[in-house]
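Dumped entry28.cif below, it's mmCIF, C-alpha atoms:
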data_final
loop_
_atom_site.label_atom_id
_atom_site.label_comp_id
_atom_site.auth_asym_id
_atom_site.auth_seq_id
_atom_site.Cartn_x
_atom_site.Cartn_y
_atom_site.Cartn_z
CA LYS A 1 20.58 37.63 1.51
CA LYS A 2 23.79 39.67 1.53
CA ILE A 3 25.99 36.80 0.31
CA ILE A 4 23.64 34.64 -1.81
CA TYR A 5 24.68 36.44 -5.03
CA ILE A 6 28.08 34.69 -4.86
CA TYR A 7 26.57 31.20 -5.11
CA ASP A 8 25.44 28.98 -7.99
CA GLY A 9 23.51 26.56 -5.79
CA LEU A 10 21.56 26.60 -2.54
CA ILE A 11 20.68 23.62 -0.34
CA VAL A 12 18.01 24.05 2.33
CA ARG A 13 16.29 21.81 4.86
CA SER A 14 12.90 22.90 6.26
CA ALA A 15 13.72 26.06 8.26
CA THR A 16 15.38 28.15 5.52
CA LYS A 17 12.86 29.93 3.30
CA ALA A 18 13.94 30.35 -0.33
CA THR A 19 11.60 33.31 -0.86
CA LYS A 20 11.20 35.53 -3.92
CA GLU A 21 13.45 38.05 -2.13
CA ILE A 22 16.25 35.51 -1.63
CA ILE A 23 15.96 34.15 -5.19
CA GLU A 24 16.01 37.71 -6.56
CA ALA A 25 19.20 38.44 -4.59
CA GLY A 26 20.79 35.20 -5.86
CA LYS A 27 21.89 36.56 -9.24
CA ASN A 28 23.99 33.46 -9.98
CA LEU A 29 21.57 30.84 -8.63
CA LYS A 30 21.05 27.92 -11.00
CA ILE A 31 19.68 25.32 -8.60
CA ILE A 32 17.92 25.05 -5.23
CA GLY A 33 17.99 21.69 -3.49
CA ARG A 34 15.70 20.69 -0.62
CA ALA A 35 17.16 18.04 1.71
CA GLY A 36 13.73 16.54 2.39
CA ALA A 37 10.43 15.97 0.63
CA GLY A 38 8.31 19.12 1.03
CA VAL A 39 9.15 22.20 -1.05
CA ASP A 40 6.67 24.51 0.72
CA ASN A 41 9.58 26.71 1.87
CA ILE A 42 10.69 27.45 -1.71
CA ASP A 43 8.95 29.92 -4.03
CA LEU A 44 8.57 27.45 -6.91
CA ASN A 45 6.85 29.85 -9.31
CA TYR A 46 9.51 32.53 -8.95
CA ALA A 47 12.31 29.95 -9.27
CA LYS A 48 10.75 28.60 -12.47
CA LYS A 49 10.33 32.13 -13.83
CA ASN A 50 14.08 32.63 -13.34
CA ASN A 51 15.01 29.23 -14.88
CA ILE A 52 16.26 27.92 -11.54
CA ILE A 53 15.96 24.15 -11.08
CA VAL A 54 14.36 23.01 -7.83
CA MET A 55 15.08 19.47 -6.60
CA ASN A 56 14.08 17.49 -3.51
CA THR A 57 14.67 14.08 -1.94
CA PRO A 58 11.20 12.58 -1.59
CA GLY A 59 12.26 9.07 -0.55
CA GLY A 60 15.02 9.90 1.91
CA ASN A 61 12.92 10.33 5.03
CA THR A 62 10.07 7.97 4.09
CA ASN A 63 10.83 5.35 6.74
CA ALA A 64 11.43 7.94 9.47
CA THR A 65 8.03 9.57 8.84
CA ALA A 66 6.22 6.23 8.63
CA GLU A 67 7.73 5.07 11.93
CA HIS A 68 6.78 8.36 13.59
CA THR A 69 3.21 7.88 12.37
CA PHE A 70 3.08 4.56 14.23
CA SER A 71 4.82 6.01 17.28
CA LEU A 72 2.05 8.62 17.53
CA LEU A 73 -0.67 6.04 16.89
CA LEU A 74 0.59 3.63 19.54
CA SER A 75 1.08 6.46 22.03
CA LEU A 76 -2.55 7.49 21.52
CA TYR A 77 -3.97 3.96 21.62
CA LYS A 78 -2.04 3.02 24.77
CA ASN A 79 -2.30 6.43 26.54
CA ILE A 80 1.49 6.51 26.79
CA THR A 81 1.96 10.26 27.36
CA LEU A 82 -0.74 10.52 30.04
CA ALA A 83 0.31 7.28 31.76
CA ASN A 84 3.94 8.41 31.79
CA LYS A 85 3.08 11.73 33.46
CA SER A 86 0.78 10.05 35.99
CA THR A 87 3.32 7.34 36.90
CA HIS A 88 6.09 9.93 37.37
CA GLU A 89 3.75 11.58 39.88
CA GLY A 90 3.39 8.29 41.78
CA LEU A 91 -0.36 7.99 41.12
CA TRP A 92 -0.47 4.38 39.77
CA GLU A 93 -3.75 4.87 37.84
CA LYS A 94 -3.99 1.45 36.16
CA LYS A 95 -7.74 1.49 35.51
CA LYS A 96 -7.70 5.01 34.09
CA PHE A 97 -5.34 4.13 31.21
CA LYS A 98 -6.97 1.07 29.65
CA GLY A 99 -5.75 1.08 26.02
CA LEU A 100 -6.85 -0.17 22.64
CA GLU A 101 -5.24 -2.74 20.31
CA LEU A 102 -4.37 -2.10 16.68
CA LYS A 103 -5.19 -5.65 15.56
CA GLY A 104 -8.29 -5.78 13.37
CA LYS A 105 -8.78 -2.00 13.16
CA LYS A 106 -9.29 -0.21 9.85
CA LEU A 107 -6.54 2.22 8.88
CA GLY A 108 -7.55 4.84 6.31
CA LEU A 109 -4.65 6.45 4.44
CA ILE A 110 -5.41 9.76 2.72
CA GLY A 111 -2.79 9.82 -0.03
CA PHE A 112 -0.66 6.90 -1.13
CA GLY A 113 2.84 8.19 -1.84
CA ASN A 114 6.14 6.94 -0.43
CA VAL A 115 5.27 7.44 3.24
CA ALA A 116 1.77 5.93 3.04
CA THR A 117 3.20 2.94 1.15
CA ARG A 118 5.70 2.33 3.98
CA VAL A 119 2.94 2.86 6.59
CA SER A 120 0.86 0.19 4.82
CA GLN A 121 3.80 -2.25 4.98
CA ILE A 122 4.25 -1.70 8.72
CA ALA A 123 0.47 -1.99 9.20
CA LYS A 124 0.55 -5.60 7.97
CA GLY A 125 2.63 -6.56 11.01
CA PHE A 126 -0.14 -5.22 13.27
CA ASN A 127 -2.90 -7.05 11.31
CA LEU A 128 -4.57 -3.77 10.38
CA GLU A 129 -7.03 -3.57 7.51
CA VAL A 130 -5.71 -0.86 5.17
CA VAL A 131 -7.83 1.33 2.88
CA THR A 132 -6.79 4.41 0.93
CA PHE A 133 -8.16 7.48 -0.82
CA SER A 134 -5.65 8.39 -3.51
CA LYS A 135 -5.82 9.53 -7.13
CA SER A 136 -2.52 7.82 -7.97
CA PHE A 137 -3.43 4.48 -6.31
CA GLU A 138 -5.65 3.35 -9.21
CA SER A 139 -2.68 2.97 -11.58
CA ARG A 140 -0.71 0.92 -9.02
CA LYS A 141 -3.41 -1.10 -7.26
CA GLU A 142 -2.34 -4.45 -8.79
CA HIS A 143 0.83 -4.23 -6.65
CA TYR A 144 -1.26 -3.88 -3.46
CA PRO A 145 -3.99 -6.56 -3.61
CA ASP A 146 -4.66 -6.29 0.15
CA ILE A 147 -5.44 -2.56 0.04
CA LYS A 148 -8.89 -1.32 -0.88
CA SER A 149 -9.44 2.02 -2.65
CA LEU A 150 -12.35 4.09 -1.28
CA ASN A 151 -13.77 7.52 -1.95
CA LEU A 152 -13.00 10.13 0.71
CA GLU A 153 -16.43 10.08 2.32
CA GLU A 154 -16.42 6.28 2.69
CA LEU A 155 -12.88 6.26 4.11
CA ILE A 156 -13.72 9.01 6.62
CA SER A 157 -16.94 7.37 7.80
CA THR A 158 -15.66 3.77 8.15
CA SER A 159 -12.03 4.06 9.36
CA ASP A 160 -10.93 3.59 12.97
CA ILE A 161 -7.67 5.43 12.27
CA ILE A 162 -7.27 8.20 9.68
CA SER A 163 -3.70 9.06 8.71
CA LEU A 164 -2.83 11.88 6.31
CA HIS A 165 -0.04 11.46 3.76
CA CYS A 166 -0.85 13.90 0.98
CA LYS A 167 -0.14 17.36 -0.37
CA LEU A 168 -2.42 20.32 0.22
CA PRO A 169 -5.25 20.56 -2.36
CA SER A 170 -4.71 23.15 -5.09
CA ASP A 171 -7.23 25.51 -3.45
CA GLY A 172 -5.15 25.43 -0.24
CA LYS A 173 -8.15 24.50 1.90
CA PRO A 174 -8.14 21.76 4.57
CA ILE A 175 -9.33 18.26 3.62
CA ILE A 176 -10.75 17.68 7.09
CA ASN A 177 -13.19 20.24 8.49
CA LYS A 178 -16.17 20.09 10.86
CA LYS A 179 -18.33 18.43 8.17
CA GLU A 180 -15.87 15.56 7.68
CA ILE A 181 -15.27 15.17 11.44
CA ASN A 182 -19.03 14.80 12.01
CA GLN A 183 -19.06 11.86 9.55
CA MET A 184 -16.37 9.98 11.50
CA LYS A 185 -16.76 7.18 14.01
CA LYS A 186 -16.87 8.29 17.67
CA ASN A 187 -13.75 6.21 18.45
CA VAL A 188 -11.68 7.45 15.49
CA VAL A 189 -8.17 8.87 15.88
CA ILE A 190 -6.57 11.26 13.39
CA ILE A 191 -2.82 11.25 12.71
CA ASN A 192 -1.17 14.00 10.66
CA THR A 193 2.53 13.84 9.80
CA ALA A 194 2.10 15.42 6.33
CA ARG A 195 1.07 19.11 6.09
CA GLY A 196 -0.33 21.41 8.76
CA ASP A 197 -3.19 22.88 6.75
CA LEU A 198 -4.75 19.50 5.86
CA VAL A 199 -6.83 19.55 9.06
CA ASN A 200 -8.81 22.59 10.22
CA GLU A 201 -7.24 23.22 13.63
CA ILE A 202 -10.23 25.10 15.10
CA ASP A 203 -12.63 22.30 14.11
CA LEU A 204 -10.24 19.64 15.42
CA LYS A 205 -9.90 21.31 18.82
CA GLU A 206 -13.68 21.59 19.13
CA ALA A 207 -14.08 17.90 18.22
CA LEU A 208 -11.47 16.79 20.77
CA ASP A 209 -12.73 18.99 23.61
CA ASN A 210 -16.32 17.82 23.05
CA SER A 211 -15.35 14.13 22.66
CA ILE A 212 -16.77 14.00 19.12
CA ILE A 213 -13.71 11.88 18.21
CA LEU A 214 -11.44 9.79 20.43
CA GLY A 215 -8.12 11.52 19.85
CA ALA A 216 -5.51 12.95 17.50
CA ALA A 217 -1.74 13.20 17.08
CA ILE A 218 -0.27 16.06 15.08
CA ASP A 219 3.32 16.69 13.95
CA VAL A 220 2.63 19.57 11.54
CA PHE A 221 0.91 22.93 12.01
CA SER A 222 -0.69 25.69 9.95
CA GLU A 223 2.01 28.08 11.19
CA GLU A 224 5.47 26.92 12.15
CA PRO A 225 7.26 27.22 14.47
CA ALA A 226 4.06 26.71 16.49
CA LYS A 227 4.79 28.88 19.52
CA LYS A 228 1.07 29.67 19.87
CA ASN A 229 -1.66 27.44 18.51
CA ILE A 230 -5.37 26.87 19.05
CA LEU A 231 -4.69 23.15 19.59
CA PHE A 232 -2.54 23.64 22.69
CA GLY A 233 -4.22 22.08 25.70
CA ALA A 234 -6.87 20.15 23.73
CA LYS A 235 -8.09 16.84 25.17
CA ASN A 236 -6.60 13.51 24.01
CA LEU A 237 -4.12 15.22 21.73
CA ILE A 238 -0.43 14.43 21.24
CA LEU A 239 1.71 17.13 19.60
CA THR A 240 5.28 16.91 18.28
CA PRO A 241 7.27 19.79 16.69
CA HIS A 242 7.51 18.62 13.04
CA ILE A 243 10.03 15.87 13.88
CA ALA A 244 8.58 12.93 11.93
CA ALA A 245 11.40 13.03 9.37
CA SER A 246 14.07 13.99 11.91
CA THR A 247 16.11 10.90 12.59
CA VAL A 248 19.88 10.56 12.56
CA GLU A 249 19.60 8.13 9.65
CA ALA A 250 17.16 10.19 7.55
CA GLN A 251 19.14 13.42 7.92
CA ILE A 252 22.24 11.68 6.55
CA ILE A 253 20.29 10.02 3.70
CA VAL A 254 18.65 13.27 2.48
CA ALA A 255 21.91 15.23 2.79
CA LYS A 256 23.73 12.66 0.66
CA GLN A 257 20.88 12.45 -1.84
CA ILE A 258 20.63 16.19 -2.42
CA ALA A 259 24.42 16.53 -2.66
#

Show how you would write the structure in this file as structure tokens.
Amino acid sequence: KKIIYIYDGLIVRSATKATKEIIEAGKNLKIIGRAGAGVDNIDLNYAKKNNIIVMNTPGGNTNATAEHTFSLLLSLYKNITLANKSTHEGLWEKKKFKGLELKGKKLGLIGFGNVATRVSQIAKGFNLEVVTFSKSFESRKEHYPDIKSLNLEELISTSDIISLHCKLPSDGKPIINKKEINQMKKNVVIINTARGDLVNEIDLKEALDNSIILGAAIDVFSEEPAKKNILFGAKNLILTPHIAASTVEAQIIVAKQIA
């Protein structure tokens, strides 16, 4: 804050918050660049009010996030984290960790932007049936003849895997709450590599602990860094610290793009 007034431009990743206070102190700021897709850490309204351009790099970490989505999904389906811990302890619990196969399962994508598009491409290799709930999909559906567009309720109630790849609704409320969870299949798994507030964390923990759904894997949280969270210790849950986009390759791509 003390030195920002010197600069014409500011580049941030995800940790630096370009708050109203920072923007106000940046008397010479003309542009704020986000090396990454999400601009949640930038006060967009205040930047606009001060005629400061805000840019991001939405495609730079697409592949990294899509691959992480599948890493989480496979880890859940094959009990990788639990089996790893057990085997390190010398327990050899083969029968306990019987997994599931992706082939033939229905993957429901909430949102169909860059990441979901890449996820759908990878899904073909696993012979997954892909469906989506997306407002923008309608105008592009001729390019994706194998993907069916569903309303949210139908996607939630018929999918084996639900993966979130969307922004937060304008009202800021979660898309998935207790009501939606109760409409899901008993063997459903939820993957979230998009935004923390898309899934109600209290409702998700309750669903996992009471075996209402099979499992979940979460990379994003309502408050970050997540040093304390209601989800910690929940059953059949894999957590990662917002690292979906953090690959060596993606970090270089987004840095170059924003520069």

Quick one: which residues end up in the PyMOL selection byres ((chain A and resi 28-38) around 10) for this structure, as a ChimeraX atom specification?
/A:4-14,16,18,22-27,39-42,44,47,50-62,167,194-195,245-246,250-259

Take the PyMOL selection byres ((chain A and resi 212-218) around 10), apply it to the structure above, and return the hits as a ChimeraX atom specification.
/A:69,71-73,75-77,160-163,181-182,184-196,199,204-211,219-221,231,234-242,244

For this structure, which residues satisfy the selection - the PyMOL selection byres ((chain A and resi 153) around 10) - when it is evaluated on the file as given? I want them as a list of chain:residue names.
A:Phe133, A:Leu150, A:Asn151, A:Leu152, A:Glu154, A:Leu155, A:Ile156, A:Ser157, A:Thr158, A:Glu180, A:Gln183, A:Met184

Take CA of Ile110 in chain A and CA of Val131 in chain A and report the distance between them in Å, one decimal.
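Rounded to one decimal, the two atoms are 8.8 Å apart.
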
Closest to Lys148 in chain A among A:Lys78, A:Thr132, A:Thr19, A:Thr117, using only C-alpha atoms?
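Using only C-alpha atoms, the shortest distance to Lys148 in chain A belongs to A:Thr132.
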
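You can rank A:Asn79, A:Tyr144, A:Ser139, A:Cys166 by their closest distance to Phe112 in chain A using all atoms listed in the file, and at the top of that list sits A:Cys166.
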
Distance CA of Pro174 in chain A-CA of Asp197 in chain A, one decimal place?
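So the answer is 5.5 Å.
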
Between CA of Ile243 in chain A and CA of Gln121 in chain A, what distance in Å does the model show, to one decimal?
21.1 Å

For His165 in chain A, the closest of A:Ala66, A:Ile230, A:Ile80, A:Leu100 counting only C-alpha atoms is A:Ala66

Pick out the residues sitting within 7 Å of Asn63 in chain A, and hand them over as an mmCIF file with C-alpha atoms, keeping the file's coordinate frame; count only C-alpha atoms, and ignore anything fewer than 4 positions along from it in its own chain.
data_model
loop_
_atom_site.group_PDB
_atom_site.id
_atom_site.type_symbol
_atom_site.label_atom_id
_atom_site.label_comp_id
_atom_site.auth_asym_id
_atom_site.auth_seq_id
_atom_site.Cartn_x
_atom_site.Cartn_y
_atom_site.Cartn_z
ATOM 1 C CA GLU A 67 7.730 5.070 11.930
ATOM 2 C CA VAL A 115 5.270 7.440 3.240
ATOM 3 C CA ARG A 118 5.700 2.330 3.980
#

Excluding Asp203 in chain A and its own-chain neighbours fewer than 6 positions away, which residues fall within 9 Å of it when counting all atoms listed in the file? Please give them as an NGL selection string.
:A and (176-178 or 181)

Show me that you can extract range 27-39 of chain A, keeping all heavy atoms, and write it as a short mmCIF file (atom, residue, chain, number, x, y, z; two decimals), in the first residue's frame.
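Now in decode.cif:
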data_model
loop_
_atom_site.label_atom_id
_atom_site.label_comp_id
_atom_site.auth_asym_id
_atom_site.auth_seq_id
_atom_site.Cartn_x
_atom_site.Cartn_y
_atom_site.Cartn_z
N LYS A 27 -2.62 5.88 -6.94
CA LYS A 27 -3.04 7.10 -7.66
C LYS A 27 -2.75 7.05 -9.17
O LYS A 27 -3.43 7.67 -9.96
CB LYS A 27 -2.36 8.34 -7.05
CG LYS A 27 -2.61 8.56 -5.56
CD LYS A 27 -4.04 8.90 -5.25
CE LYS A 27 -4.27 9.13 -3.76
NZ LYS A 27 -5.70 9.07 -3.41
N ASN A 28 -1.69 6.31 -9.55
CA ASN A 28 -1.32 6.25 -10.97
C ASN A 28 -1.79 4.97 -11.67
O ASN A 28 -1.49 4.76 -12.84
CB ASN A 28 0.21 6.36 -11.12
CG ASN A 28 0.68 7.78 -10.84
OD1 ASN A 28 0.13 8.73 -11.39
ND2 ASN A 28 1.67 7.92 -9.98
N LEU A 29 -2.52 4.13 -10.95
CA LEU A 29 -2.94 2.85 -11.54
C LEU A 29 -3.84 3.05 -12.75
O LEU A 29 -4.82 3.78 -12.71
CB LEU A 29 -3.68 1.99 -10.51
CG LEU A 29 -2.87 1.07 -9.61
CD1 LEU A 29 -3.80 0.23 -8.75
CD2 LEU A 29 -1.95 0.13 -10.40
N LYS A 30 -3.47 2.35 -13.84
CA LYS A 30 -4.28 2.40 -15.06
C LYS A 30 -4.81 1.01 -15.41
O LYS A 30 -5.78 0.87 -16.14
CB LYS A 30 -3.44 2.94 -16.22
CG LYS A 30 -3.04 4.39 -16.02
CD LYS A 30 -1.97 4.82 -17.01
CE LYS A 30 -1.46 6.22 -16.70
NZ LYS A 30 -0.71 6.26 -15.41
N ILE A 31 -4.14 -0.02 -14.89
CA ILE A 31 -4.51 -1.39 -15.24
C ILE A 31 -4.16 -2.37 -14.12
O ILE A 31 -3.14 -2.21 -13.45
CB ILE A 31 -3.83 -1.80 -16.57
CG1 ILE A 31 -4.33 -3.16 -17.06
CG2 ILE A 31 -2.31 -1.79 -16.46
CD1 ILE A 31 -4.08 -3.40 -18.54
N ILE A 32 -5.06 -3.33 -13.90
CA ILE A 32 -4.78 -4.43 -12.97
C ILE A 32 -4.94 -5.72 -13.76
O ILE A 32 -5.97 -5.96 -14.39
CB ILE A 32 -5.76 -4.42 -11.76
CG1 ILE A 32 -5.61 -3.13 -10.95
CG2 ILE A 32 -5.51 -5.64 -10.86
CD1 ILE A 32 -6.71 -2.92 -9.91
N GLY A 33 -3.91 -6.54 -13.75
CA GLY A 33 -3.94 -7.81 -14.47
C GLY A 33 -3.95 -8.97 -13.50
O GLY A 33 -3.23 -8.97 -12.50
N ARG A 34 -4.81 -9.95 -13.77
CA ARG A 34 -4.86 -11.15 -12.93
C ARG A 34 -4.28 -12.31 -13.72
O ARG A 34 -4.81 -12.70 -14.76
CB ARG A 34 -6.32 -11.43 -12.53
CG ARG A 34 -6.61 -12.86 -12.08
CD ARG A 34 -6.17 -13.12 -10.65
NE ARG A 34 -6.80 -14.35 -10.18
CZ ARG A 34 -6.19 -15.53 -10.11
NH1 ARG A 34 -4.93 -15.66 -10.49
NH2 ARG A 34 -6.84 -16.58 -9.66
N ALA A 35 -3.15 -12.85 -13.24
CA ALA A 35 -2.53 -14.02 -13.86
C ALA A 35 -3.32 -15.25 -13.43
O ALA A 35 -2.97 -15.93 -12.48
CB ALA A 35 -1.07 -14.13 -13.46
N GLY A 36 -4.43 -15.49 -14.10
CA GLY A 36 -5.36 -16.56 -13.75
C GLY A 36 -6.75 -16.17 -14.23
O GLY A 36 -6.93 -15.12 -14.85
N ALA A 37 -7.73 -17.02 -13.93
CA ALA A 37 -9.08 -16.77 -14.46
C ALA A 37 -9.95 -15.93 -13.52
O ALA A 37 -10.52 -14.93 -13.94
CB ALA A 37 -9.76 -18.10 -14.75
N GLY A 38 -10.03 -16.33 -12.26
CA GLY A 38 -10.95 -15.65 -11.33
C GLY A 38 -10.48 -14.26 -10.96
O GLY A 38 -9.29 -14.03 -10.77
N VAL A 39 -11.42 -13.33 -10.87
CA VAL A 39 -11.08 -11.95 -10.47
C VAL A 39 -11.77 -11.60 -9.14
O VAL A 39 -11.99 -10.43 -8.83
CB VAL A 39 -11.44 -10.92 -11.57
CG1 VAL A 39 -10.46 -10.99 -12.72
CG2 VAL A 39 -12.86 -11.13 -12.08
#
